[in-house]
$ cat coords14.csv   # CSV, C-alpha atoms and all ligand atoms
chain,number,residue,atom,x,y,z
Q,20,MET,CA,161.4,94.8,155.3
Q,21,ASN,CA,163.1,97.0,158.0
Q,22,GLU,CA,166.4,95.2,158.3
Q,23,GLU,CA,167.5,97.3,161.3
Q,24,ILE,CA,164.5,96.3,163.4
Q,25,LEU,CA,164.9,92.7,162.2
Q,26,LEU,CA,168.5,92.6,163.4
Q,27,GLU,CA,167.4,94.0,166.8
Q,28,ILE,CA,164.8,91.3,167.2
Q,29,LYS,CA,167.3,88.6,166.2
Q,30,GLN,CA,170.0,89.9,168.6
Q,31,LYS,CA,167.6,90.2,171.6
Q,32,ALA,CA,166.4,86.7,170.9
Q,33,LEU,CA,169.9,85.4,170.9
Q,34,GLN,CA,170.7,87.3,174.1
Q,35,ASP,CA,167.6,85.8,175.7
Q,36,HIS,CA,168.7,82.3,174.6
Q,37,ILE,CA,165.6,81.8,172.5
Q,38,PRO,CA,166.4,79.0,169.9
Q,39,ILE,CA,165.6,81.0,166.8
Q,40,ILE,CA,166.3,79.6,163.3
Q,41,MET,CA,170.0,79.5,162.4
Q,42,ASP,CA,171.3,81.5,159.5
Q,43,ASP,CA,172.5,78.5,157.5
Q,44,THR,CA,169.1,76.8,157.9
Q,45,LEU,CA,167.4,80.0,156.7
Q,46,GLU,CA,169.7,79.9,153.7
Q,47,VAL,CA,168.4,76.5,152.8
Q,48,ILE,CA,164.7,77.5,153.3
Q,49,ILE,CA,164.7,80.8,151.5
Q,50,PRO,CA,165.2,79.5,148.0
Q,51,LEU,CA,162.4,76.9,148.6
Q,52,LEU,CA,160.1,79.7,149.6
Q,53,GLN,CA,161.2,81.9,146.6
Q,54,GLU,CA,160.3,79.1,144.3
Q,55,LYS,CA,157.0,78.2,145.9
Q,56,LYS,CA,155.8,81.8,146.7
Q,57,PRO,CA,153.4,80.3,149.4
Q,58,GLU,CA,149.9,81.7,149.8
Q,59,SER,CA,149.8,80.1,153.2
Q,60,ILE,CA,152.4,78.9,155.8
Q,61,LEU,CA,151.7,77.2,159.1
Q,62,GLU,CA,154.4,77.4,161.7
Q,63,ILE,CA,154.4,75.3,164.9
Q,64,GLY,CA,156.6,77.2,167.5
Q,65,THR,CA,156.5,81.0,167.0
Q,66,ALA,CA,158.8,81.9,169.9
Q,67,VAL,CA,159.3,85.7,169.4
Q,68,GLY,CA,158.2,85.7,165.8
Q,69,TYR,CA,161.7,85.8,164.2
Q,70,SER,CA,161.3,83.0,161.7
Q,71,ALA,CA,157.8,84.0,160.8
Q,72,ILE,CA,159.0,87.5,160.1
Q,73,CYS,CA,161.8,86.2,157.9
Q,74,PHE,CA,159.5,83.9,156.0
Q,75,SER,CA,156.9,86.6,155.4
Q,76,GLN,CA,159.1,88.3,152.9
Q,77,TYR,CA,158.6,85.3,150.5
Q,78,LEU,CA,154.9,85.0,150.7
Q,79,SER,CA,152.8,85.7,147.6
Q,80,THR,CA,151.2,89.1,147.6
Q,81,GLU,CA,148.1,88.0,149.5
Q,82,GLY,CA,150.0,85.3,151.4
Q,83,LYS,CA,149.5,84.7,155.2
Q,84,ILE,CA,151.2,82.9,158.0
Q,85,ASP,CA,149.5,81.2,160.9
Q,86,THR,CA,151.9,80.5,163.8
Q,87,ILE,CA,151.2,78.6,167.0
Q,88,GLU,CA,152.9,79.4,170.4
Q,89,ARG,CA,151.9,78.2,173.9
Q,90,GLU,CA,154.0,80.5,176.1
Q,91,LYS,CA,152.1,83.7,176.9
Q,92,GLU,CA,155.3,85.8,177.4
Q,93,ARG,CA,156.6,84.8,174.0
Q,94,VAL,CA,153.3,85.4,172.4
Q,95,GLU,CA,153.3,89.0,173.7
Q,96,GLU,CA,156.8,89.6,172.6
Q,97,ALA,CA,156.1,88.1,169.1
Q,98,LYS,CA,153.0,90.4,168.8
Q,99,GLN,CA,155.1,93.4,169.6
Q,100,ASN,CA,157.8,92.3,167.1
Q,101,ILE,CA,155.3,91.7,164.4
Q,102,LYS,CA,153.7,95.1,165.0
Q,103,ARG,CA,157.1,96.8,164.9
Q,104,MET,CA,157.7,95.2,161.5
Q,105,LYS,CA,154.2,96.2,160.4
Q,106,LEU,CA,153.3,92.6,159.6
Q,107,GLU,CA,150.1,92.3,161.5
Q,108,GLU,CA,148.2,91.7,158.3
Q,109,LYS,CA,150.4,88.8,157.3
Q,110,ILE,CA,151.3,87.0,160.5
Q,111,HIS,CA,148.5,85.6,162.7
Q,112,ILE,CA,149.5,84.1,166.1
Q,113,ILE,CA,147.4,81.3,167.5
Q,114,GLU,CA,148.0,81.1,171.3
Q,115,GLY,CA,147.9,77.7,172.8
Q,116,ASP,CA,149.4,74.2,172.8
Q,117,ALA,CA,149.8,72.9,169.2
Q,118,VAL,CA,148.8,69.5,170.3
Q,119,GLU,CA,145.3,70.8,171.1
Q,120,ILE,CA,145.2,73.5,168.4
Q,121,LEU,CA,146.3,71.5,165.3
Q,122,PRO,CA,143.3,69.0,165.3
Q,123,THR,CA,140.9,72.0,165.3
Q,124,LEU,CA,142.5,73.5,162.1
Q,125,THR,CA,140.8,73.0,158.7
Q,126,LYS,CA,142.5,75.4,156.4
Q,127,THR,CA,145.2,73.9,154.1
Q,128,TYR,CA,148.8,75.2,153.7
Q,129,ASP,CA,151.5,75.3,151.1
Q,130,VAL,CA,154.2,75.1,153.7
Q,131,VAL,CA,154.3,73.7,157.3
Q,132,PHE,CA,157.3,74.6,159.4
Q,133,ILE,CA,157.7,72.4,162.5
Q,134,ASP,CA,159.9,74.0,165.2
Q,135,ALA,CA,158.5,73.1,168.6
Q,136,ALA,CA,158.6,70.3,171.2
Q,137,LYS,CA,160.8,67.6,169.7
Q,138,GLY,CA,158.9,64.8,171.6
Q,139,LYS,CA,155.8,65.8,169.6
Q,140,TYR,CA,157.3,65.7,166.1
Q,141,PRO,CA,155.5,62.4,165.0
Q,142,PHE,CA,152.2,63.9,166.0
Q,143,PHE,CA,153.0,67.3,164.3
Q,144,LEU,CA,153.9,65.3,161.2
Q,145,GLN,CA,150.5,63.5,161.1
Q,146,GLU,CA,148.7,66.8,161.5
Q,147,ALA,CA,151.0,68.6,158.9
Q,148,LEU,CA,150.2,65.9,156.4
Q,149,ARG,CA,146.5,66.4,157.0
Q,150,LEU,CA,146.7,70.1,156.5
Q,151,LEU,CA,149.2,70.2,153.6
Q,152,LYS,CA,148.1,71.1,150.1
Q,153,PRO,CA,149.1,68.8,147.2
Q,154,GLN,CA,152.7,69.6,146.3
Q,155,GLY,CA,153.1,71.2,149.7
Q,156,ILE,CA,156.3,71.2,151.7
Q,157,ILE,CA,156.9,70.2,155.3
Q,158,LEU,CA,160.0,71.6,156.9
Q,159,ALA,CA,161.1,70.2,160.3
Q,160,ASP,CA,163.8,72.1,162.1
Q,161,ASN,CA,166.3,70.6,164.7
Q,162,ILE,CA,165.7,67.2,163.2
Q,163,LEU,CA,169.3,66.0,163.9
Q,164,TYR,CA,169.3,67.5,167.4
Q,165,LYS,CA,173.0,68.3,167.9
Q,166,GLY,CA,173.9,65.1,166.1
Q,167,TYR,CA,172.3,62.9,168.7
Q,168,VAL,CA,169.7,61.6,166.2
Q,169,LEU,CA,172.3,60.0,163.8
Q,170,GLY,CA,174.6,58.4,166.4
Q,171,ASP,CA,173.8,55.5,168.7
Q,172,TYR,CA,173.1,58.0,171.4
Q,173,ASN,CA,170.4,56.7,173.9
Q,174,LYS,CA,171.6,57.3,177.4
Q,175,HIS,CA,170.8,60.9,177.9
Q,176,LYS,CA,167.8,62.6,179.5
Q,177,GLN,CA,166.9,63.8,176.1
Q,178,ARG,CA,166.4,60.3,174.8
Q,179,THR,CA,162.6,60.7,174.4
Q,180,ALA,CA,163.2,63.6,172.1
Q,181,VAL,CA,165.8,61.6,170.1
Q,182,ARG,CA,163.5,58.6,169.8
Q,183,ASN,CA,160.7,60.8,168.5
Q,184,LEU,CA,162.9,62.6,166.0
Q,185,ARG,CA,164.1,59.2,164.7
Q,186,GLU,CA,160.5,58.1,164.4
Q,187,TYR,CA,159.8,61.3,162.4
Q,188,ILE,CA,162.6,60.5,160.0
Q,189,GLN,CA,161.5,56.9,159.7
Q,190,LYS,CA,157.9,58.0,158.9
Q,191,VAL,CA,158.8,60.5,156.3
Q,192,THR,CA,161.3,58.3,154.5
Q,193,GLN,CA,159.1,55.1,154.5
Q,194,ASN,CA,156.0,56.8,153.3
Q,195,GLU,CA,155.9,56.2,149.5
Q,196,ALA,CA,153.8,59.3,148.9
Q,197,LEU,CA,156.5,61.5,150.2
Q,198,GLU,CA,160.0,62.6,149.2
Q,199,THR,CA,162.4,63.6,151.9
Q,200,GLN,CA,165.8,65.2,152.1
Q,201,ILE,CA,167.7,65.6,155.4
Q,202,VAL,CA,170.0,68.6,155.3
Q,203,GLU,CA,172.8,69.1,157.9
Q,204,ALA,CA,172.5,72.8,157.9
Q,205,GLY,CA,172.1,74.3,161.4
Q,206,ASP,CA,170.6,71.8,163.8
Q,207,GLY,CA,169.4,69.6,160.9
Q,208,LEU,CA,166.4,70.3,158.6
Q,209,ALA,CA,164.1,67.7,157.1
Q,210,ILE,CA,162.5,68.8,153.8
Q,211,THR,CA,159.5,66.7,152.9
Q,212,ARG,CA,157.4,67.1,149.7
Q,213,LYS,CA,154.1,65.4,148.9
Q,214,LYS,CA,154.6,63.7,145.5
Q,301,LIG,N1,160.4,79.3,165.1
Q,301,LIG,C1,161.1,80.1,166.0
Q,301,LIG,C2,161.7,79.4,167.2
Q,301,LIG,C3,160.8,78.5,167.9
Q,301,LIG,S1,161.5,77.9,169.4
Q,301,LIG,C4,162.2,80.9,165.3
Q,301,LIG,O1,162.9,80.2,164.6
Q,301,LIG,O2,162.2,82.1,165.4
Q,301,LIG,C5,160.3,76.7,169.9
Q,301,LIG,C6,159.0,77.4,170.4
Q,301,LIG,O3,158.0,76.4,170.4
Q,301,LIG,C7,159.1,77.8,171.9
Q,301,LIG,O4,158.8,79.2,172.0
Q,301,LIG,C8,158.1,77.0,172.7
Q,301,LIG,O5,157.5,77.7,173.7
Q,301,LIG,C9,157.2,76.6,171.6
Q,301,LIG,N2,156.5,75.3,171.8
Q,301,LIG,C10,157.1,74.1,172.2
Q,301,LIG,N3,156.1,73.1,172.2
Q,301,LIG,C11,155.0,73.7,171.9
Q,301,LIG,C12,153.6,73.2,171.7
Q,301,LIG,N4,153.3,71.9,172.0
Q,301,LIG,N5,152.7,74.1,171.3
Q,301,LIG,C13,153.0,75.4,171.1
Q,301,LIG,N6,154.2,75.9,171.2
Q,301,LIG,C14,155.2,75.1,171.6
Q,302,MG,MG,164.5,75.4,165.6
$ encode --input "coords14.csv" --output "C-alpha cells" --more "lines below"
Ligand code: SAH
Ligand code: MG
Amino acid sequence: MNEEILLEIKQKALQDHIPIIMDDTLEVIIPLLQEKKPESILEIGTAVGYSAICFSQYLSTEGKIDTIEREKERVEEAKQNIKRMKLEEKIHIIEGDAVEILPTLTKTYDVVFIDAAKGKYPFFLQEALRLLKPQGIILADNILYKGYVLGDYNKHKQRTAVRNLREYIQKVTQNEALETQIVEAGDGLAITRKK
C-alpha cells in the first residue's frame, strides 16, 4: 500500500469536506477485518474510495470489494484514486442509487459496510441481512449522528435521519438472530454479527 498517495487522497477528501471514515472508527474496524480476512466486502457509499482503499489491505488474497456510489463526480474521483493505488483488481465500483442497486445483487458478502444516506439505514439493513454470509458482520457508520440519536433530540431538520438511525438500532438489537455492539468511536459505529 502506497501510504503517501493514501495520505494525499485523505487530505484532499478532508479539504473537499467529504465525510470520509474517521481515524478512530478505522481503528475499531481494522482488527475486525484482520480477524475475519474477508473474501468479499460490500460498501454502501464509496465517496472518493478512501474507506474501500483502507479496507482492501485486510482482504484475503483473492478478496474483493463491491462499493456503491450514486454521485457521478465522486465515482470518477474514486476510480482515479483506486487506479493510483493500483487496486482496480480488488475494488469494483457500482454506480447508481443503492436503493435501486441492492435489490438486484445476489452475491453474498462477509462484511457489509453501511455509510450512505442515513434516512435509508433501515432499508440498507434489510438488504445487508439478505446479502450477508453466515457469521458475517454488518458495520453501520455514523449511527450516533453527532450524538443526536441518543438524546431526546427531535426538533431539528435532520429528524428523519435521526428517526431512521434509531429504527436501525432498534431492529438490530431486537433481532434474536443478531448480536450488536454500538461503539462511540468517531460518529458512532454499530457492529452487528449474525449468530
Ligand atoms: N465510505 C466513504 C464515505 C462515504 S460518504 C469513506 O469513508 O471514505 C457517503 C456517500 O454516500 C456520499 O458520497 C453519497 O453520495 C453516497 N450516497 C448517499 N446515499 C446514497 C445512495 N442512496 N446510493 C448510493 N450512494 C449514496
Ligand atoms: Mg461515515
$ residues_around --input "coords14.csv" --residues "Thr44 in chain Q" --least-positions-apart "2" --cutoff "8 Å" --atoms "only C-alpha atoms" --output "PDB file with C-alpha atoms, in the frame of the given file"
ATOM      1  CA  ILE Q  40     166.300  79.600 163.300  1.00  0.00           C
ATOM      2  CA  MET Q  41     170.000  79.500 162.400  1.00  0.00           C
ATOM      3  CA  ASP Q  42     171.300  81.500 159.500  1.00  0.00           C
ATOM      4  CA  GLU Q  46     169.700  79.900 153.700  1.00  0.00           C
ATOM      5  CA  VAL Q  47     168.400  76.500 152.800  1.00  0.00           C
ATOM      6  CA  ILE Q  48     164.700  77.500 153.300  1.00  0.00           C
ATOM      7  CA  ALA Q 204     172.500  72.800 157.900  1.00  0.00           C
ATOM      8  CA  GLY Q 205     172.100  74.300 161.400  1.00  0.00           C
ATOM      9  CA  ASP Q 206     170.600  71.800 163.800  1.00  0.00           C
ATOM     10  CA  GLY Q 207     169.400  69.600 160.900  1.00  0.00           C
ATOM     11  CA  LEU Q 208     166.400  70.300 158.600  1.00  0.00           C
TER      12      LEU Q 208
END
$ residues_around --input "coords14.csv" --residues "Gln99 in chain Q" --least-positions-apart "6" --cutoff "12 Å" --atoms "all atoms listed in the file" --output "list in words"
Ile24, Ile28, Val67, Gly68, Tyr69, Ile72, Glu92, Arg93, Lys105, Leu106, Glu107, Ile110 and Ile112 of chain Q
$ closest_residue --input "coords14.csv" --among "Q:Lys102, Q:Lys109, Q:Arg149, Q:Lys139" --to "Thr86 in chain Q" --atoms "all atoms listed in the file"
Q:Lys109
$ residues_near_ligand --input "coords14.csv" --ligand "ligand MG 302 (chain Q)" --cutoff "12 Å" --atoms "only C-alpha atoms and all ligand atoms" --output "MDAnalysis selection string"
chainID Q and resid 37:45 62:66 69:71 132:137 158:165 204:209
$ closest_residue --input "coords14.csv" --among "Q:Gly82, Q:Gly115, Q:Gly155, Q:Pro122" --to "Ile210 in chain Q" --atoms "all atoms listed in the file"
Q:Gly155
$ residues_around --input "coords14.csv" --residues "Leu121 in chain Q" --least-positions-apart "3" --cutoff "8 Å" --atoms "all atoms listed in the file" --output "JSON, numbers by chain"
{"Q": [117, 118, 124, 143, 146]}
$ atom_distance --input "coords14.csv" --atom1 "CA of Ala180 in chain Q" --atom2 "CA of Ile201 in chain Q"
17.4 Å
$ atom_distance --input "coords14.csv" --atom1 "CA of Arg89 in chain Q" --atom2 "atom N1 of ligand LIG 301 (chain Q)"
12.3 Å
$ closest_residue --input "coords14.csv" --among "Q:Gln30, Q:Glu114, Q:Glu96, Q:Asp85" --to "ligand LIG 301 (chain Q)" --atoms "all atoms listed in the file"
Q:Glu114
$ closest_residue --input "coords14.csv" --among "Q:Glu22, Q:Glu54, Q:Glu95, Q:Ile120" --to "ligand LIG 301 (chain Q)" --atoms "only C-alpha atoms and all ligand atoms"
Q:Ile120
$ residues_around --input "coords14.csv" --residues "Val130 in chain Q" --least-positions-apart "3" --cutoff "6 Å" --atoms "all atoms listed in the file" --output "PyMOL selection string"
chain Q and resi 60+155-157
$ write_last_selection --input "coords14.csv" --atoms "C-alpha atoms" --output "PDB file, in the coordinates of the input"
ATOM      1  CA  ILE Q  60     152.400  78.900 155.800  1.00  0.00           C
ATOM      2  CA  GLY Q 155     153.100  71.200 149.700  1.00  0.00           C
ATOM      3  CA  ILE Q 156     156.300  71.200 151.700  1.00  0.00           C
ATOM      4  CA  ILE Q 157     156.900  70.200 155.300  1.00  0.00           C
TER       5      ILE Q 157
END
$ closest_residue --input "coords14.csv" --among "Q:Glu203, Q:Glu108, Q:Glu90, Q:Asp35" --to "Gly166 in chain Q" --atoms "only C-alpha atoms"
Q:Glu203
$ closest_residue --input "coords14.csv" --among "Q:Arg103, Q:Thr80, Q:Phe74, Q:Asn183" --to "Glu27 in chain Q" --atoms "all atoms listed in the file"
Q:Arg103
$ residues_around --input "coords14.csv" --residues "Tyr77 in chain Q" --least-positions-apart "3" --cutoff "8 Å" --atoms "only C-alpha atoms" --output "compact mmCIF listing (two decimals) with C-alpha atoms, in the coordinates of the input"
# COMPACT_ATOMS: atom_id res chain seq x y z
CA ILE Q 49 164.70 80.80 151.50
CA LEU Q 52 160.10 79.70 149.60
CA GLN Q 53 161.20 81.90 146.60
CA LYS Q 56 155.80 81.80 146.70
CA PRO Q 57 153.40 80.30 149.40
CA PHE Q 74 159.50 83.90 156.00
$ atom_distance --input "coords14.csv" --atom1 "CA of Gln193 in chain Q" --atom2 "CA of Thr211 in chain Q"
11.7 Å
$ build_atoms --input "coords14.csv" --residues "range 49-68 of chain Q" --atoms "N, CA, C and O atoms" --output "compact mmCIF listing (two decimals), in the frame of the given file"
# COMPACT_ATOMS: atom_id res chain seq x y z
N ILE Q 49 165.08 79.69 152.32
CA ILE Q 49 164.70 80.80 151.50
C ILE Q 49 164.52 80.50 150.01
O ILE Q 49 163.47 80.84 149.44
N PRO Q 50 165.47 79.79 149.37
CA PRO Q 50 165.20 79.50 148.00
C PRO Q 50 163.98 78.60 147.73
O PRO Q 50 163.30 78.75 146.71
N LEU Q 51 163.66 77.73 148.70
CA LEU Q 51 162.40 76.90 148.60
C LEU Q 51 161.21 77.80 148.58
O LEU Q 51 160.27 77.60 147.80
N LEU Q 52 161.22 78.80 149.46
CA LEU Q 52 160.10 79.70 149.60
C LEU Q 52 160.03 80.62 148.32
O LEU Q 52 158.95 80.90 147.80
N GLN Q 53 161.19 81.04 147.84
CA GLN Q 53 161.20 81.90 146.60
C GLN Q 53 160.62 81.16 145.45
O GLN Q 53 159.92 81.75 144.63
N GLU Q 54 160.87 79.87 145.38
CA GLU Q 54 160.30 79.10 144.30
C GLU Q 54 158.84 78.86 144.44
O GLU Q 54 158.07 78.92 143.50
N LYS Q 55 158.43 78.62 145.67
CA LYS Q 55 157.00 78.20 145.90
C LYS Q 55 156.09 79.45 146.02
O LYS Q 55 154.91 79.31 145.74
N LYS Q 56 156.60 80.59 146.46
CA LYS Q 56 155.80 81.80 146.70
C LYS Q 56 154.47 81.39 147.43
O LYS Q 56 153.36 81.53 146.89
N PRO Q 57 154.59 80.89 148.67
CA PRO Q 57 153.40 80.30 149.40
C PRO Q 57 152.30 81.35 149.59
O PRO Q 57 152.57 82.52 149.85
N GLU Q 58 151.10 80.85 149.47
CA GLU Q 58 149.90 81.70 149.80
C GLU Q 58 149.65 81.49 151.31
O GLU Q 58 149.02 82.34 151.94
N SER Q 59 150.10 80.36 151.84
CA SER Q 59 149.80 80.10 153.20
C SER Q 59 150.92 79.25 153.86
O SER Q 59 151.38 78.26 153.26
N ILE Q 60 151.35 79.69 155.03
CA ILE Q 60 152.40 78.90 155.80
C ILE Q 60 151.79 78.71 157.19
O ILE Q 60 151.21 79.61 157.79
N LEU Q 61 151.99 77.49 157.70
CA LEU Q 61 151.70 77.20 159.10
C LEU Q 61 152.97 76.94 159.82
O LEU Q 61 153.78 76.13 159.38
N GLU Q 62 153.16 77.65 160.92
CA GLU Q 62 154.40 77.40 161.70
C GLU Q 62 153.96 76.90 163.09
O GLU Q 62 153.04 77.42 163.72
N ILE Q 63 154.66 75.87 163.55
CA ILE Q 63 154.40 75.30 164.90
C ILE Q 63 155.63 75.72 165.73
O ILE Q 63 156.73 75.22 165.52
N GLY Q 64 155.44 76.67 166.66
CA GLY Q 64 156.60 77.20 167.50
C GLY Q 64 156.96 78.60 166.98
O GLY Q 64 157.86 78.76 166.16
N THR Q 65 156.26 79.63 167.46
CA THR Q 65 156.50 81.00 167.00
C THR Q 65 157.73 81.60 167.74
O THR Q 65 158.49 82.37 167.15
N ALA Q 66 157.90 81.26 169.01
CA ALA Q 66 158.80 81.90 169.90
C ALA Q 66 158.55 83.45 169.86
O ALA Q 66 157.42 83.86 170.12
N VAL Q 67 159.52 84.27 169.44
CA VAL Q 67 159.30 85.70 169.40
C VAL Q 67 158.97 86.24 168.01
O VAL Q 67 159.03 87.43 167.74
N GLY Q 68 158.69 85.30 167.10
CA GLY Q 68 158.20 85.70 165.80
C GLY Q 68 159.35 85.84 164.73
O GLY Q 68 159.08 86.17 163.58
